[in-house]
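Everything below concerns the one structure shown next.
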Amino acid sequence: MDAFEYASPATVKEALALLGANFQDASVYGGGTDLLSLLKDNVEDTKRLVNIKKIGALHAIQNERGGLRIGAAVTLEQVLSASDVREHFRAITDAAEHISSPQIHNMATVGGWICQRPRCWYYRNGFGLFALDKNGNSLVTNGDNRYHAIFGNSGLAKFISPSSLGPALLALDGRIHIEGPNGPREATVEEFFVIPQKEGEREHALGPQEIVTAISIPAASREAKSAMYEIRQKEGMDWPLTSAAVALRMRGNTVESAKIVLGHVAPKPWPADDAAKSLEGQTITEETAAKAGDAAVQGATPLSRNGYKVQLARVTVKRAILTAAGLPFTEAKGAA
Amino acid sequence: MADYHWPPANHRELIGKRIKRIDGPQKSSGRAKYSFDINRPGMLWGKMAGSAYAHAKITKIDTSAAEAMPGVKGVVTIVPEGQEVFWAGQEIVAVAADTEERAEAAADAIKIEYQPLPYLVTNADMQSAGAQFTKQLANRVVGDPDQAFQQSDIVISEGHYGLPVITHCCLESHGQVTEWNGDNLTVWESTQNVSGMAGEYVQGLGEQGITVPANNIRVITQYMGGGFGSKFAADTWGIACAQLSKKTGRPVKMMLERDHEQTTAGCRPSLYAHVKVAAKRDGTLVAWDSDAWGTQGPNAEGSPRLPYILEPPNVRAKYTGVLNNIGPARAWRAPNHPQMALVSNGAMEDLAAKLNMDPMDFFLKNIDLAGNHAKIYRDEFPIAARLMDWKAKWHPRGQGGSGPVKRGLGLSIHTWGGRGNQSNCQVVIHPDGSVETNIGSQDLGTGTRTVINIVTAETLGLPLNAVKVNLGDNRYPPAGASGGSTTVSGVSTSTRRAATNALNELLAKVAPSLGATADQLDAWNGKILVKGNPSKSISWKQACAKLGASPVTGMGRTTNDLMSSGVGGVQMSEVEVDTETGIVRMIKHVAVQDCGLIIDLKTAESQVYGACIMGVGYSLYEEKIMDQQIGRCLNPNMEFYKLAGLGDIGEIVVHMMTGPGYDERGTIGLGEPPVVSPGAAISNAVANAIGVRVPELPLSPDRVLAALGKVPPAGGMTGGMA
């Protein structure tokens with residue numbers, strides 16, 4: 001870690017002026033739960049840290065015409081405490097709860113939750129985001145890829161998107177609010193999360209001089225029954241092996257429309273549209289949920305060591321659907 | 001006169017009771033200063049540059065850029081140009097600077113050129129490792145195994161079992177603060193070996209051209225965050241730190257970073273084995289055949305002994321060491337035993353399943369093969385079974401329930417020596433009645449300080465707080481290193497003798513005033529009294545006042561008459577396995593353990609709880625993951641090197657064997673034995689739940705799903721045998 005400048009602006013405008021033309025010029029510092037370890041481990045370098053936690057406008061959770069807008073500097077703990085989120089957008093609360101660390105809940109911010117970098121162990125050990133050897137071959141493909149992507153992995157990117165907010169937000173038709181030198185703009189979740197194709201690209205459609213100011217969820221998503229389910233090997237302080245967010249729009253007992261998004265299986269949140277379609281007009285049962293799970297993993301392209309994640313993704317989708325529908329299922333819980 | 005023998009049960013005020021550790025408040029309030037917490041005036045920070053390759057010859061080292069950086073005060077070379085390094089991260093150059101950040105930046109600025117050499121870092125099997133990396137270390141034959149396996153009336157079970165390299169994960173990493181004062185060196189070190197550490201520095205510094213006699217070296221370890229067998233040596237960083245201090249004339253602190261700790265500071269060797277084991281239809285064990293191998297770091301020596309505990313009359317056991325570049329093997333709590341238990345007791349359980357026998361019945365049927373310890377296991381099995389409700393809960397393999405989540409039970413047995421190490425103790429009784437116990441031992445976090453306090457206070461008939469225990473300093477009488485469950489017996493017996501000797505000095509002084517002879521007196525309940533006539537007594541304080549100006553001291557050495565060795569333990573595990581996800585969750589783990597006479601029941605139980613938690617960790621989560629392409633560890637952190645958390649351990653029930661048959665054995669060590677069985681017990685419980693053996697630890701979802709046939713076995717996941 002090299003020495004860097006530290007700035008703590010009071011407004012978004014000031015913050016933007018402190019960013020540079022390249023990602024290496026400045027880093028946006030929210031909770032720091034990811035950024036600080038990237039810097040300390042020499043994975044990334046920065047010339048300036050721009051602390052956005054002092055910007056009052058980024059701390060609000062607002063009801064906007066029935067929809068919800070959550071500022072980028074709002075902490076996960078504040079998200080968990082917001083009854084409007086818990087009652088109407090359960091997938092978001094589920095995603096935050098599954099990050100089972102009070103320390104992270106207290107520090108991590110919504111903006112960082114979607115902007116955090118991949119946990120790929122080659123990347124984190126200094127072998128670059130694409131983890132290529134001297135000859136341009138993928139260390140991931142030929143190495144230990146047990147925690148890597150089973151979808152969207154045909155290009156250079158084999159890592160998984162680590163954010164559990166991404167799938168939840170996508171299932172709820174959320175939007176991401178961005179501000180840059182040309183003023184504010186909005187992006188859909190599909191637009192925001194991208195799979196980088198070449199060196200220098202990132203996993204987000206965010207320019208070096210832009211920051212995320214908020215996320216929002218439309219009023220229409222209040223009608224959906226949503227939930228998120230994830231499979232972790234450990235109860236606490238562990239990354240999901242797979243996750244899935246589900247939002248069901250019901251007419252009586254049948255599904256009118258559904259959105260299903262897999263997490264931790266691809267370099268970006270991975271929509272499972274065929275799975276969602278398979279539920280339309282159906283009653284949710286163990287069987288229809290399982291069929292959707294099967295549909296969700298069609299076309300998976302596991303690497304040498306992560307075939308088991310296909311099975312996990314299948315089960316994750318099934319259980320996320322059952323959770324959203326409020327139906328019981330059996331899972332190993334242990335004695336704790 | 002007081003004698004040395006341990007007091008009988010009806011005459012113990014403190015020994016064997018549940019007593020809280022005396023340094024708990026210091027630790028929980030942060031007042032306890034660990035080596036990591038030591039800061040000295042003018043202190044520098046040390047950091048090291050390590051090898052970028054798993055195996056290489058160093059062709060050039062250029063420290064000029066680092067030396068020119070701001071705040072850099074000194075550089076020493078650990079491995080010079082022309083020599084080889086044998087694992088990625090092996091220390092090559094150390095640097096000291098005025099801040100930790102500057103030291104780190106300087107270490108990063110050291111330029112090292114290498115000539116890369118062939119290496120092996122994976123858990124490869126013997127065949128693919130090749131002759132260059134293998135060394136056959138054992139081929140033991142007992143009886144006639146070939147003939148035994150030919151018998152017609154036997155049942156044979158064959159299987160593959162294994163567990164990978166794991167690390168120690170001490171809460172406090174390795175390291176020290178060193179300070180020279182003229183020709184005198186003081187070292188605050190996180191070590192299991194306070195009294196032996198000066199010799200380590202004499203030798204290590206001597207090799208670097210610095211002559212220092214042992215009597216000029218002071219070693220201090222007041223509090224320590226665990227060692228688990230990995231902290232006996234001064235290590236390269238200790239010697240380099242002392243060199244940097246010498247060179248700069250300043251104290252230097254050099255504690256390992258977590259990634260360095262995981263990379264270099266200790267690997268438990270792996271063990272993989274193909275096993276064939278046979279029994280008669282009634283369960284009587286007949287023969288064992290195993291072909292085993294394990295990765296042992298750059299130097300393979302010694303071999304695990306298979307089978308474990310229950311050795312049938314016919315045995316063939318081959319073992320091959322795989323020499324690899326994963327970092328040096330270090331003793332890990334009960335060296336070899338957890339590995340042997342998993343392989344052996346896993347194979348035994350599979351055989352019992354094939355015989356349609358309850359494994360408890362199978363183990364008891366063959367328990368005489370355990371020799372001297374058979375009686376202990378016979379005592380312990382029913383207790384463990386009652387605490388687990390084994391007979392009601394156990395079901396034949398694969399009948400773990402109709403839903404996707406299956407429950408199962410497994411068990412394992414283990415043994416360990418645990419004879420006390422050689423220690424010397426001094427007890428001082430001051431004329432004001434205060435007492436101090438001085439001993440060059442160390443408290444790794446296990447409760448050693450508390451045990452010494454208990455023995456001194458019990459012997460002198462005083463409350464705990466009347467005694468001050470001084471340890472963790474080599475100015476006190478020398479005591480053995482704390483490894484192999486040797487400390488509690490070492491220090492308890494020497495303390496008992498020292499305290500008794502001091503007391504007898506005191507009794508001799510006060511006898512005339514009580515109109516008695518010393519051998520008619522006893523110390524009890526804060527008084528010196530005449531045996532059989534307790535009304536004739538004086539208070540402890542009055543007695544000590546008769547000493548005049550000089551304290552009395554007693555010395556004591558560890559002796560065999562107060563201790564023994566050889567313990568047995570039975571553990572039973574109940575798990576839940578999600579057959580859709582391969583997730584294993586702990587429900588309950590029962591540990592029944594003997595360790596002879598228990599000094600402090602509470603810290604003894606804590607040792608067992610801790611061992612069981614550590615056992616859940618290596619059973620379900622832990623694995624040092626290496627990549628052969630880059631020759632490096634992929635998970636040198638606490639993120640993907642997974643340890644069990646509170647939510648993962650389930651209910652743990654500990655039962656210590658005490659009373660007749662156990663107390664009279666004297667003290668025996670306890671640190672190692674309870675960590676031996678969890679791997680086998682938990683693996684057996686999973687097999688019982690799901691109906692198939694998951695061959696290798698950790699029992700992660702990929703391995704469990706592969707064993708269930710729900711996903712193809714991942715390439716390279718096993719020791720090459722999938």
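By convention here, the chains of the structure tokens are called A, B, ... in the order presented, each chain's residues are numbered starting at 1, and ligands are numbered starting at 1 in the order presented.
The part of chain A that reaches within 7 Å of chain B is made up of Trp121, Gly143, Asp144, Gln233, Lys234, Glu235, Gly236, Ser304, Arg305, Gly307, Tyr308, Leu312, Val315, Thr330, Glu331, Ala332, Lys333, Gly334, Ala335 and Ala336 of chain A, counting only C-alpha atoms.
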With C-alpha atoms retained, write the just-selected residues as a JSON list (two decimals), in the first residue's frame.
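Dumped to part-v6.json:
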```json
[["chain", "number", "residue", "atom", "x", "y", "z"],
["A", 121, "TRP", "CA", -8.60, -15.67, -4.97],
["A", 143, "GLY", "CA", -6.57, -24.13, -11.46],
["A", 144, "ASP", "CA", -8.84, -24.20, -8.44],
["A", 233, "GLN", "CA", -21.11, -23.56, 4.02],
["A", 234, "LYS", "CA", -20.86, -21.84, 7.39],
["A", 235, "GLU", "CA", -23.60, -20.15, 9.37],
["A", 236, "GLY", "CA", -21.73, -16.91, 9.74],
["A", 304, "SER", "CA", -13.37, -28.20, -13.82],
["A", 305, "ARG", "CA", -14.12, -28.08, -10.08],
["A", 307, "GLY", "CA", -19.95, -28.65, -11.06],
["A", 308, "TYR", "CA", -21.46, -28.91, -7.59],
["A", 312, "LEU", "CA", -26.58, -25.75, -5.44],
["A", 315, "VAL", "CA", -31.75, -25.95, -5.01],
["A", 330, "THR", "CA", -36.53, -28.69, 5.04],
["A", 331, "GLU", "CA", -32.96, -27.53, 5.32],
["A", 332, "ALA", "CA", -30.07, -28.43, 7.58],
["A", 333, "LYS", "CA", -29.96, -25.93, 10.39],
["A", 334, "GLY", "CA", -27.77, -27.58, 13.01],
["A", 335, "ALA", "CA", -28.25, -27.09, 16.71],
["A", 336, "ALA", "CA", -27.21, -23.45, 16.95]]
```
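Residues in contact range of Gly327 (chain B), defined as at most 8 Å between only C-alpha atoms, with sequence neighbours fewer than 4 positions away removed, read Phe86, Trp87, Ala88, Gln90, Thr263, Thr264, Ala265, Gly266, Cys267, Gly297 and Pro298 of chain B.
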Those same residues - C-alpha atoms - I'd like them written as a PDB file, in the first residue's frame.
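Saved as again-v4.pdb:
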```pdb
ATOM      1  CA  PHE B  86      11.802 -24.203  -0.763  1.00  0.00           C
ATOM      2  CA  TRP B  87       8.373 -22.629  -0.589  1.00  0.00           C
ATOM      3  CA  ALA B  88       6.659 -19.465  -1.749  1.00  0.00           C
ATOM      4  CA  GLN B  90      10.049 -18.309   2.538  1.00  0.00           C
ATOM      5  CA  THR B 263       1.903 -19.542   4.298  1.00  0.00           C
ATOM      6  CA  THR B 264       4.912 -20.375   6.418  1.00  0.00           C
ATOM      7  CA  ALA B 265       4.318 -20.812  10.109  1.00  0.00           C
ATOM      8  CA  GLY B 266       2.988 -24.324  10.149  1.00  0.00           C
ATOM      9  CA  CYS B 267       1.380 -27.058   8.154  1.00  0.00           C
ATOM     10  CA  GLY B 297       6.770 -30.217   3.429  1.00  0.00           C
ATOM     11  CA  PRO B 298      10.362 -30.099   2.213  1.00  0.00           C
TER      12      PRO B 298
END
```
I'd like the neighbourhood of Ala685 (chain B) as JSON, numbers by chain, where a residue qualifies if any of its atoms comes within 7 Å (using only C-alpha atoms), though same-chain residues fewer than 3 positions away should be ignored. {"B": [408, 409, 410, 573, 574, 575, 681, 682, 688, 689]}
Taking N, CA and C atoms for each residue, export the selection above as a PDB file, in the first residue's frame.
```
ATOM      1  N   GLY B 408     -27.396 -38.414  11.429  1.00  0.00           N
ATOM      2  CA  GLY B 408     -26.572 -39.592  11.658  1.00  0.00           C
ATOM      3  C   GLY B 408     -25.690 -39.441  12.874  1.00  0.00           C
ATOM      4  N   LEU B 409     -25.232 -40.589  13.374  1.00  0.00           N
ATOM      5  CA  LEU B 409     -24.352 -40.633  14.529  1.00  0.00           C
ATOM      6  C   LEU B 409     -23.040 -41.302  14.152  1.00  0.00           C
ATOM      7  N   GLY B 410     -21.963 -40.821  14.730  1.00  0.00           N
ATOM      8  CA  GLY B 410     -20.665 -41.447  14.533  1.00  0.00           C
ATOM      9  C   GLY B 410     -19.859 -41.393  15.811  1.00  0.00           C
ATOM     10  N   SER B 573     -20.624 -38.112  17.808  1.00  0.00           N
ATOM     11  CA  SER B 573     -21.062 -36.928  17.091  1.00  0.00           C
ATOM     12  C   SER B 573     -22.426 -37.170  16.450  1.00  0.00           C
ATOM     13  N   GLU B 574     -23.258 -36.143  16.473  1.00  0.00           N
ATOM     14  CA  GLU B 574     -24.545 -36.213  15.771  1.00  0.00           C
ATOM     15  C   GLU B 574     -24.583 -35.061  14.772  1.00  0.00           C
ATOM     16  N   VAL B 575     -24.861 -35.403  13.528  1.00  0.00           N
ATOM     17  CA  VAL B 575     -24.873 -34.375  12.489  1.00  0.00           C
ATOM     18  C   VAL B 575     -26.179 -34.422  11.701  1.00  0.00           C
ATOM     19  N   ALA B 681     -15.153 -39.055  14.181  1.00  0.00           N
ATOM     20  CA  ALA B 681     -16.528 -39.147  14.692  1.00  0.00           C
ATOM     21  C   ALA B 681     -17.502 -38.422  13.765  1.00  0.00           C
ATOM     22  N   ILE B 682     -17.103 -37.245  13.287  1.00  0.00           N
ATOM     23  CA  ILE B 682     -17.995 -36.459  12.435  1.00  0.00           C
ATOM     24  C   ILE B 682     -18.102 -37.102  11.053  1.00  0.00           C
ATOM     25  N   ASN B 688     -23.065 -42.368   8.382  1.00  0.00           N
ATOM     26  CA  ASN B 688     -24.256 -42.995   8.964  1.00  0.00           C
ATOM     27  C   ASN B 688     -25.522 -42.292   8.487  1.00  0.00           C
ATOM     28  N   ALA B 689     -25.442 -40.977   8.335  1.00  0.00           N
ATOM     29  CA  ALA B 689     -26.618 -40.209   7.919  1.00  0.00           C
ATOM     30  C   ALA B 689     -26.984 -40.476   6.471  1.00  0.00           C
TER      31      ALA B 689
END
```
If we count only C-alpha atoms, what is near region 252-267 of chain A at a cut-off of 8 Å, once residues fewer than 4 positions away on the same chain are taken out, given as a ChimeraX atom specification? /A:148-153,157-164,166-168,170-172,194-195,203,240-248,271-273,275-277,279-284,309,313,317
With N, CA and C atoms kept, could you save the residues just selected as a CSV table (one decimal), in the first residue's frame?
```
chain,number,residue,atom,x,y,z
A,148,HIS,N,-15.9,-20.3,-8.4
A,148,HIS,CA,-16.0,-19.4,-9.6
A,148,HIS,C,-17.3,-19.6,-10.3
A,149,ALA,N,-17.4,-19.0,-11.5
A,149,ALA,CA,-18.7,-18.9,-12.2
A,149,ALA,C,-19.1,-20.1,-12.9
A,150,ILE,N,-20.4,-20.4,-12.9
A,150,ILE,CA,-20.9,-21.5,-13.8
A,150,ILE,C,-21.8,-21.0,-14.9
A,151,PHE,N,-21.9,-19.7,-14.9
A,151,PHE,CA,-22.6,-19.0,-16.1
A,151,PHE,C,-21.8,-17.8,-16.5
A,152,GLY,N,-21.9,-17.4,-17.7
A,152,GLY,CA,-21.3,-16.2,-18.2
A,152,GLY,C,-19.8,-16.2,-18.1
A,153,ASN,N,-19.2,-17.4,-18.2
A,153,ASN,CA,-17.8,-17.5,-18.0
A,153,ASN,C,-17.0,-17.9,-19.2
A,157,ALA,N,-13.6,-13.2,-18.0
A,157,ALA,CA,-14.0,-13.1,-16.6
A,157,ALA,C,-14.6,-14.4,-16.1
A,158,LYS,N,-14.0,-15.0,-15.1
A,158,LYS,CA,-14.5,-16.3,-14.5
A,158,LYS,C,-14.9,-16.1,-13.1
A,159,PHE,N,-14.7,-14.9,-12.6
A,159,PHE,CA,-15.1,-14.6,-11.2
A,159,PHE,C,-16.6,-14.5,-11.0
A,160,ILE,N,-17.0,-14.4,-9.8
A,160,ILE,CA,-18.5,-14.2,-9.6
A,160,ILE,C,-18.7,-12.8,-9.0
A,161,SER,N,-19.8,-12.2,-9.3
A,161,SER,CA,-20.2,-11.0,-8.7
A,161,SER,C,-20.5,-11.2,-7.3
A,162,PRO,N,-19.8,-10.6,-6.3
A,162,PRO,CA,-20.0,-10.9,-4.9
A,162,PRO,C,-21.2,-10.3,-4.3
A,163,SER,N,-21.9,-9.4,-5.0
A,163,SER,CA,-22.9,-8.6,-4.3
A,163,SER,C,-24.2,-9.4,-4.2
A,164,SER,N,-24.8,-9.5,-3.0
A,164,SER,CA,-26.1,-10.1,-2.9
A,164,SER,C,-27.2,-9.1,-3.1
A,166,GLY,N,-27.2,-7.0,-5.7
A,166,GLY,CA,-27.4,-7.0,-7.1
A,166,GLY,C,-28.6,-7.9,-7.5
A,167,PRO,N,-28.6,-9.2,-7.2
A,167,PRO,CA,-29.8,-10.0,-7.6
A,167,PRO,C,-31.1,-9.6,-7.0
A,168,ALA,N,-31.0,-9.1,-5.7
A,168,ALA,CA,-32.3,-8.7,-5.1
A,168,ALA,C,-32.8,-7.5,-5.8
A,170,LEU,N,-32.3,-6.5,-8.8
A,170,LEU,CA,-32.7,-6.9,-10.2
A,170,LEU,C,-34.1,-7.5,-10.2
A,171,ALA,N,-34.3,-8.4,-9.2
A,171,ALA,CA,-35.6,-9.1,-9.1
A,171,ALA,C,-36.7,-8.1,-8.8
A,172,LEU,N,-36.3,-7.0,-8.1
A,172,LEU,CA,-37.4,-6.0,-7.8
A,172,LEU,C,-37.4,-4.8,-8.7
A,194,VAL,N,-21.9,-5.3,-15.5
A,194,VAL,CA,-21.4,-5.8,-16.8
A,194,VAL,C,-20.3,-6.8,-16.6
A,195,ILE,N,-20.2,-7.6,-17.6
A,195,ILE,CA,-19.0,-8.6,-17.6
A,195,ILE,C,-17.9,-7.9,-18.4
A,203,GLU,N,-16.4,-4.3,-13.5
A,203,GLU,CA,-17.6,-5.1,-13.4
A,203,GLU,C,-18.8,-4.2,-13.3
A,240,PRO,N,-21.7,-16.6,0.3
A,240,PRO,CA,-22.6,-17.6,-0.3
A,240,PRO,C,-21.9,-18.4,-1.4
A,241,LEU,N,-22.2,-19.7,-1.5
A,241,LEU,CA,-21.8,-20.5,-2.6
A,241,LEU,C,-22.7,-20.2,-3.8
A,242,THR,N,-23.9,-20.1,-3.5
A,242,THR,CA,-24.9,-19.6,-4.5
A,242,THR,C,-26.0,-18.8,-3.8
A,243,SER,N,-26.7,-18.0,-4.5
A,243,SER,CA,-27.8,-17.3,-4.0
A,243,SER,C,-28.9,-17.1,-5.0
A,244,ALA,N,-30.1,-16.7,-4.6
A,244,ALA,CA,-31.1,-16.4,-5.6
A,244,ALA,C,-32.1,-15.5,-5.0
A,245,ALA,N,-32.5,-14.5,-5.8
A,245,ALA,CA,-33.6,-13.6,-5.4
A,245,ALA,C,-34.8,-13.9,-6.3
A,246,VAL,N,-36.0,-13.8,-5.7
A,246,VAL,CA,-37.2,-14.1,-6.4
A,246,VAL,C,-38.2,-13.1,-6.0
A,247,ALA,N,-39.0,-12.6,-7.1
A,247,ALA,CA,-40.1,-11.7,-6.8
A,247,ALA,C,-41.3,-12.3,-7.6
A,248,LEU,N,-42.4,-12.6,-6.9
A,248,LEU,CA,-43.5,-13.2,-7.5
A,248,LEU,C,-44.7,-12.2,-7.5
A,271,PRO,N,-30.0,-13.3,-14.4
A,271,PRO,CA,-31.4,-13.6,-14.5
A,271,PRO,C,-31.7,-15.0,-15.0
A,272,ALA,N,-32.7,-15.6,-14.4
A,272,ALA,CA,-33.1,-16.9,-14.9
A,272,ALA,C,-34.5,-16.8,-15.5
A,273,ASP,N,-34.6,-16.2,-16.7
A,273,ASP,CA,-35.9,-15.9,-17.2
A,273,ASP,C,-36.7,-17.1,-17.6
A,275,ALA,N,-36.7,-19.9,-16.0
A,275,ALA,CA,-37.2,-20.4,-14.7
A,275,ALA,C,-38.4,-19.6,-14.3
A,276,ALA,N,-38.3,-18.3,-14.5
A,276,ALA,CA,-39.4,-17.4,-14.1
A,276,ALA,C,-40.7,-17.7,-14.9
A,277,LYS,N,-40.4,-17.9,-16.2
A,277,LYS,CA,-41.5,-18.1,-17.1
A,277,LYS,C,-42.3,-19.4,-16.8
A,279,LEU,N,-43.0,-20.6,-14.1
A,279,LEU,CA,-43.9,-20.4,-13.0
A,279,LEU,C,-45.2,-19.7,-13.3
A,280,GLU,N,-45.2,-19.0,-14.5
A,280,GLU,CA,-46.4,-18.2,-14.8
A,280,GLU,C,-47.6,-19.1,-15.0
A,281,GLY,N,-48.7,-18.7,-14.3
A,281,GLY,CA,-49.9,-19.4,-14.4
A,281,GLY,C,-49.9,-20.6,-13.4
A,282,GLN,N,-48.9,-20.9,-12.7
A,282,GLN,CA,-48.8,-22.0,-11.9
A,282,GLN,C,-49.0,-21.7,-10.4
A,283,THR,N,-49.4,-22.7,-9.7
A,283,THR,CA,-49.5,-22.5,-8.2
A,283,THR,C,-48.1,-22.9,-7.7
A,284,ILE,N,-47.6,-22.2,-6.7
A,284,ILE,CA,-46.3,-22.6,-6.2
A,284,ILE,C,-46.4,-23.8,-5.3
A,309,LYS,N,-21.8,-26.5,-8.0
A,309,LYS,CA,-22.5,-25.3,-7.8
A,309,LYS,C,-23.8,-25.3,-8.7
A,313,ALA,N,-27.2,-24.2,-7.2
A,313,ALA,CA,-28.0,-23.1,-7.8
A,313,ALA,C,-29.4,-23.6,-8.0
A,317,VAL,N,-32.6,-21.8,-6.1
A,317,VAL,CA,-33.8,-21.2,-6.8
A,317,VAL,C,-35.1,-21.8,-6.2
```
Work out how far apart CA of Ile383 (chain B) and CA of Asp663 (chain B) are and give it in Å to one decimal. 17.7 Å
Between CA of Gly180 (chain A) and CA of Glu5 (chain A), what is the distance in Å, rounded to a tenth? 20.9 Å
Identify, with DSSP run on backbone atoms, the residues in region 177-425 of chain B assigned to alpha helix (DSSP H), and express the list as an MDAnalysis selection string. chainID B and resid 197:207 235:248 258:264 337:354 359:365 374:388 390:393
Output file for the selection above: C-alpha atoms, as a compact mmCIF listing (two decimals), in the first residue's frame:
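Here's the written file out.txt:
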```txt
# COMPACT_ATOMS: atom_id res chain seq x y z
CA MET B 197 14.42 -20.18 23.87
CA ALA B 198 17.76 -18.66 24.91
CA GLY B 199 19.51 -21.69 23.42
CA GLU B 200 17.63 -21.15 20.17
CA TYR B 201 19.02 -17.60 19.98
CA VAL B 202 22.53 -18.66 20.99
CA GLN B 203 22.59 -21.06 18.08
CA GLY B 204 20.74 -18.96 15.52
CA LEU B 205 22.68 -15.77 16.21
CA GLY B 206 25.93 -17.74 16.38
CA GLU B 207 25.32 -18.94 12.83
CA ASP B 235 12.54 -19.25 13.73
CA THR B 236 14.10 -17.19 10.96
CA TRP B 237 12.09 -14.14 11.98
CA GLY B 238 13.32 -14.30 15.58
CA ILE B 239 16.96 -14.43 14.59
CA ALA B 240 16.49 -11.77 11.89
CA CYS B 241 14.69 -9.54 14.39
CA ALA B 242 17.55 -9.84 16.92
CA GLN B 243 20.07 -9.14 14.13
CA LEU B 244 18.14 -6.03 13.09
CA SER B 245 18.07 -4.86 16.71
CA LYS B 246 21.81 -5.41 17.01
CA LYS B 247 22.50 -3.62 13.75
CA THR B 248 20.30 -0.60 14.46
CA ARG B 258 -1.79 -13.37 8.82
CA ASP B 259 -0.98 -14.31 5.22
CA HIS B 260 2.63 -15.02 6.15
CA GLU B 261 1.45 -16.99 9.16
CA GLN B 262 -0.76 -19.13 6.94
CA THR B 263 1.90 -19.54 4.30
CA THR B 264 4.91 -20.38 6.42
CA HIS B 337 -3.22 -38.72 15.75
CA PRO B 338 -6.18 -36.91 14.13
CA GLN B 339 -4.99 -38.22 10.77
CA MET B 340 -4.56 -41.78 12.03
CA ALA B 341 -7.92 -41.67 13.81
CA LEU B 342 -9.76 -40.52 10.69
CA VAL B 343 -8.24 -43.21 8.47
CA SER B 344 -8.40 -46.03 10.98
CA ASN B 345 -11.65 -45.34 12.79
CA GLY B 346 -13.29 -44.41 9.48
CA ALA B 347 -12.31 -47.77 8.04
CA MET B 348 -13.45 -49.57 11.20
CA GLU B 349 -16.85 -47.88 11.03
CA ASP B 350 -17.23 -48.83 7.38
CA LEU B 351 -16.45 -52.42 8.30
CA ALA B 352 -18.99 -52.33 11.14
CA ALA B 353 -21.59 -51.04 8.68
CA LYS B 354 -20.78 -53.90 6.32
CA PRO B 359 -20.16 -49.37 15.68
CA MET B 360 -20.21 -49.05 19.47
CA ASP B 361 -20.72 -52.81 19.71
CA PHE B 362 -18.00 -53.34 17.13
CA PHE B 363 -15.46 -51.18 18.97
CA LEU B 364 -16.32 -52.79 22.32
CA LYS B 365 -16.06 -56.26 20.78
CA ALA B 374 -9.22 -51.15 27.30
CA LYS B 375 -10.68 -50.59 30.75
CA ILE B 376 -10.79 -46.82 30.23
CA TYR B 377 -12.74 -47.19 26.99
CA ARG B 378 -15.06 -49.72 28.66
CA ASP B 379 -15.76 -47.13 31.36
CA GLU B 380 -16.21 -44.31 28.90
CA PHE B 381 -18.40 -45.85 26.19
CA PRO B 382 -21.52 -46.20 28.36
CA ILE B 383 -21.14 -42.64 29.64
CA ALA B 384 -20.76 -41.23 26.15
CA ALA B 385 -23.69 -43.35 24.94
CA ARG B 386 -25.88 -42.06 27.74
CA LEU B 387 -24.95 -38.41 27.07
CA MET B 388 -25.63 -38.87 23.36
CA TRP B 390 -26.83 -43.31 21.37
CA LYS B 391 -28.92 -46.45 21.64
CA ALA B 392 -32.16 -44.58 21.01
CA LYS B 393 -30.83 -42.39 18.23
```
Any idea what the distance is between CA of Asp294 (chain A) and CA of Ile114 (chain A)? 27.6 Å
Taking into account only C-alpha atoms, which residue in the set B:Pro145, B:Lys318, B:Val277, B:Ser195 is nearest to Ile439 (chain B)? B:Ser195
Using only C-alpha atoms, which protein or nucleic acid residues come within 8 Å of Asn216 (chain B)? Drop anything in the same chain fewer than 6 positions from it, and give the result as JSON, numbers by chain. {"B": [183, 184, 185]}
Residues as selected, N, CA and C atoms, written as a PDB file, in the first residue's frame, can you do that?
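part_37.pdb, freshly written:
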```pdb
ATOM      1  N   ASP B 183      25.590  -6.089  25.775  1.00  0.00           N
ATOM      2  CA  ASP B 183      25.702  -7.468  25.292  1.00  0.00           C
ATOM      3  C   ASP B 183      24.502  -8.310  25.710  1.00  0.00           C
ATOM      4  N   ASN B 184      23.519  -7.684  26.299  1.00  0.00           N
ATOM      5  CA  ASN B 184      22.363  -8.431  26.793  1.00  0.00           C
ATOM      6  C   ASN B 184      21.180  -8.286  25.842  1.00  0.00           C
ATOM      7  N   LEU B 185      20.559  -9.409  25.565  1.00  0.00           N
ATOM      8  CA  LEU B 185      19.411  -9.427  24.650  1.00  0.00           C
ATOM      9  C   LEU B 185      18.140  -9.776  25.425  1.00  0.00           C
TER      10      LEU B 185
END
```
Could you tell me, as a PyMOL selection string, which residues of region 226-385 of chain B DSSP assigns to strand (DSSP E or B) when given the backbone? chain B and resi 252-255+267-268+271-280+285-295+314-322+329
